[in-house]
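Written below as structure tokens is the structure these notes are about.
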Amino acid sequence: MRYREVGATLGYLLMIFSASFILPMIVGAYYNEGALYIYKAYVIPFLICASTGCIMWYHSRNRVRNLKEGDAYVVVGLGWLIIAFFGALPYITGGTITNPIDAYFESMSGFTTTGASVIDPAIGNYLDVYPHSILFWRALTNWLGGLGIIVLGAVILARFMHGGVYLFKAEMASTSVTRLRPKLYQTARILWGVYGLLTALCIIFYMGAGMSLYHAVCIAMPTLASGGFSLHGDSIGFYASPAVEIVAIVFMFLSGVNFVLHYRFITGRFKDALNDPELKFFFVWVIFMTSLVILGLALSGTMGVSGILRDGAFQAVSCATNTGFTTQNGLALWPPFVHLILIFLMLTGGMVGSTCGGLKMSRVMILLKNLRNGMIKAIHPRAVLSVKIGGKAVPETVVARIQILLLIFIMLFGISVLLLCASGIGIVDSISAVASCMTNTGVGIFNPEYGFHLMNPFARIVLTVCMWMGRLEIFTALIVLAPSTYKR
């Protein structure tokens, strides 16, 4: 591995990331939170992050041109760990979360768009306890992690150096990157432009539904990022507004759609966008699973018709897109059948090229079609079959890679559940927590009055690793953890 190239690239990304501390400074100044608090919470982390990045960059600034594809995977994997570290500093230096493990958990949850929180939801309105700027920072970490702060860095880096191209590929390693322009950095720039446009529209619609500007911004950013951080212990249920819930459902679904399709739709290529096979499958899948959730709630007889339709549809879309917003805190009281459906939705996730976690719809399609082919071959051994998506055959190497990914995912899922159970957490809560964190969803189906904030430190460390691996979609995380990576 080329250590100097990796170090220089990480330093460059930290310099870019350090600029994000300026925004909560502005919010803190607007809400008169005091110069001392702003200095401790944001200026100090800004200086530490920027100076660290400058030192790393300056030491090997001329070596990034030689960054290779294998090194880029290391940069992406370590980048999320390092950025989460610096992202945790405002919580610690500002006094919001003083425990380093909890602060790192909160930061990793934000940047991986998981939305799991160590803040006690019993507080109710978080603005009664915490400054506006730190809650804005939580929402901003969700938004920056949505399409990836590393992709944002690649947009600039690839402009004048070759290394950014490999970063973009490594960050989007789960897919065959669709080029919207000849150069990958141009594609990344377009995707971030679409992301920003949809975020602005979401803010406008939330304000139209009755939210203040501050609330609209702090909820819209996690919505488009499939993040799930909110300003109240009751999440979206705090607003008790059908209009807010409808806006959330629409934009949560949009966040689960491949952003390349958004671009095609915006540029008038409606037919290309609407005829995408993965989009069709995703739409039918969400409708079908939402119907099962509503049916399960109806059969339980514990809710009225209005509650069944509103809460059932909202929670299904929230889990299907790995957003993690809720309208009810009593998910543990819902029928076990519904719990299984919601966990299944977390595991499958949204579309490739979206801000969602999980296995992704295209992989689910390939696995199902390969399963069908396997059953046909069992009956007709001489049949020659291939997996086709949109009329095009999927290479067998891709099918094999997805099968390996599924197997590794199941193994890591089981190991994580065992570790949580060993730390004293019940089996149901362990499965729920691991599913929530490894798919970057954030909502847990816990026992009443239980949650991430009550878990022991060891469990939170395990779940932090789960969030990181889920964000990197397993393979990149394994590359970073493999000793052989550093012997090249």
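Letters A, B, ... mark the chains of the structure tokens in the order given; residue numbers begin at 1 per chain; ligand numbers begin at 1, in order shown.
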
All residues 8 Å or closer to range 325-331 of chain A, only C-alpha atoms, same chain fewer than 2 positions away omitted, as a compact mmCIF listing (two decimals) with N, CA and C atoms, in the first residue's frame:
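Written file, selection-v6.txt:
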```txt
# COMPACT_ATOMS: atom_id res chain seq x y z
N GLY A 228 -32.67 10.06 9.39
CA GLY A 228 -33.56 9.76 10.50
C GLY A 228 -33.36 10.56 11.77
N PHE A 229 -32.31 11.39 11.87
CA PHE A 229 -32.17 12.25 13.04
C PHE A 229 -33.33 13.25 13.08
N SER A 230 -33.84 13.51 14.26
CA SER A 230 -34.96 14.44 14.39
C SER A 230 -34.72 15.39 15.55
N ASP A 234 -40.20 12.02 19.81
CA ASP A 234 -41.27 11.37 19.07
C ASP A 234 -41.06 11.39 17.57
N SER A 235 -39.89 11.86 17.14
CA SER A 235 -39.55 11.91 15.71
C SER A 235 -40.61 12.71 14.94
N ILE A 236 -41.06 12.22 13.81
CA ILE A 236 -42.05 12.94 13.00
C ILE A 236 -43.41 12.96 13.70
N GLY A 237 -43.65 12.01 14.59
CA GLY A 237 -44.91 11.99 15.33
C GLY A 237 -45.11 13.23 16.17
N PHE A 238 -44.04 13.95 16.49
CA PHE A 238 -44.13 15.17 17.27
C PHE A 238 -45.01 16.21 16.58
N ASP A 311 -49.93 5.38 10.19
CA ASP A 311 -48.71 4.87 10.83
C ASP A 311 -48.13 3.69 10.06
N PHE A 314 -46.50 5.00 6.77
CA PHE A 314 -45.32 5.81 7.08
C PHE A 314 -44.16 4.93 7.52
N GLN A 315 -44.43 4.00 8.44
CA GLN A 315 -43.36 3.18 8.98
C GLN A 315 -42.79 2.23 7.93
N SER A 318 -40.57 4.31 5.69
CA SER A 318 -39.40 4.70 6.46
C SER A 318 -38.38 3.57 6.56
N THR A 323 -34.68 5.09 6.34
CA THR A 323 -34.63 6.44 6.91
C THR A 323 -34.69 6.39 8.43
N LEU A 333 -45.00 -2.58 20.64
CA LEU A 333 -46.34 -3.07 20.93
C LEU A 333 -47.07 -3.53 19.67
N TRP A 334 -46.46 -3.31 18.51
CA TRP A 334 -47.06 -3.77 17.27
C TRP A 334 -46.94 -5.29 17.17
N VAL A 443 -33.92 2.86 13.34
CA VAL A 443 -35.09 2.64 14.19
C VAL A 443 -35.00 1.24 14.78
N ILE A 445 -36.79 -1.85 17.10
CA ILE A 445 -38.05 -2.37 17.63
C ILE A 445 -37.74 -2.93 19.01
N PHE A 446 -37.61 -2.03 19.98
CA PHE A 446 -37.18 -2.43 21.31
C PHE A 446 -38.36 -2.65 22.24
N PRO A 448 -40.60 -1.71 25.42
CA PRO A 448 -41.02 -0.37 25.84
C PRO A 448 -39.98 0.26 26.77
```

- Of the residues A:Ser416, A:Asn370, A:Gln186, A:Thr113, which is the one nearest to Arg471 in chain A, using only C-alpha atoms?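 Of the candidates, the smallest distance to Arg471 in chain A is held by A:Thr113.
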
- Extract the full set of alpha helix (DSSP H) residues from range 88-269 of chain A according to DSSP on the backbone, and format it as a PyMOL selection string. chain A and resi 88-93+100-111+132-147+149-160+163-171+184-208+213-224+242-255+259-266

- Message: Give me the residues near Glu106 in chain A as a list in words, where near means some atom within 8 Å (using only C-alpha atoms) and where sequence neighbours in that chain fewer than 4 positions away do not count.
- Response: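 Within the cut-off, the hits are Ala88, Asp102, Gly110, Ala116, Ser117 and Val118 of chain A.
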
- Query: So, counting only C-alpha atoms, which residue among A:Ala393, A:Val352, A:Ile461, A:Leu478 is closest to Ile408 in chain A?
  - Reply: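 Using only C-alpha atoms, Ile408 in chain A sits closest to A:Leu478.
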
- Query: Near Lys487 in chain A, counting only C-alpha atoms, which residues have an atom at most 12 Å away, once you skip same-chain residues fewer than 6 positions from it, shown as a PyMOL selection string?
  - Reply: chain A and resi 1-3+70-71+480

- Note on the structure: Counting only C-alpha atoms, closest pick from A:Ser362, A:Asn447, A:Ser423, A:Ser241 relative to Val394 in chain A is A:Ser362

- Item | Between CA of Leu405 in chain A and CA of Ile379 in chain A - distance in Å to one decimal |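 Computing the Euclidean distance for CA of Ile379 in chain A and CA of Leu405 in chain A yields 27.1 Å.
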
- What lies within 12 Å of Ala209 in chain A using only C-alpha atoms, ignoring chain neighbours under 6 positions off, as JSON, numbers by chain? {"A": [202, 203, 215, 216, 239, 240, 241, 242, 243, 244, 245, 246, 247, 248]}
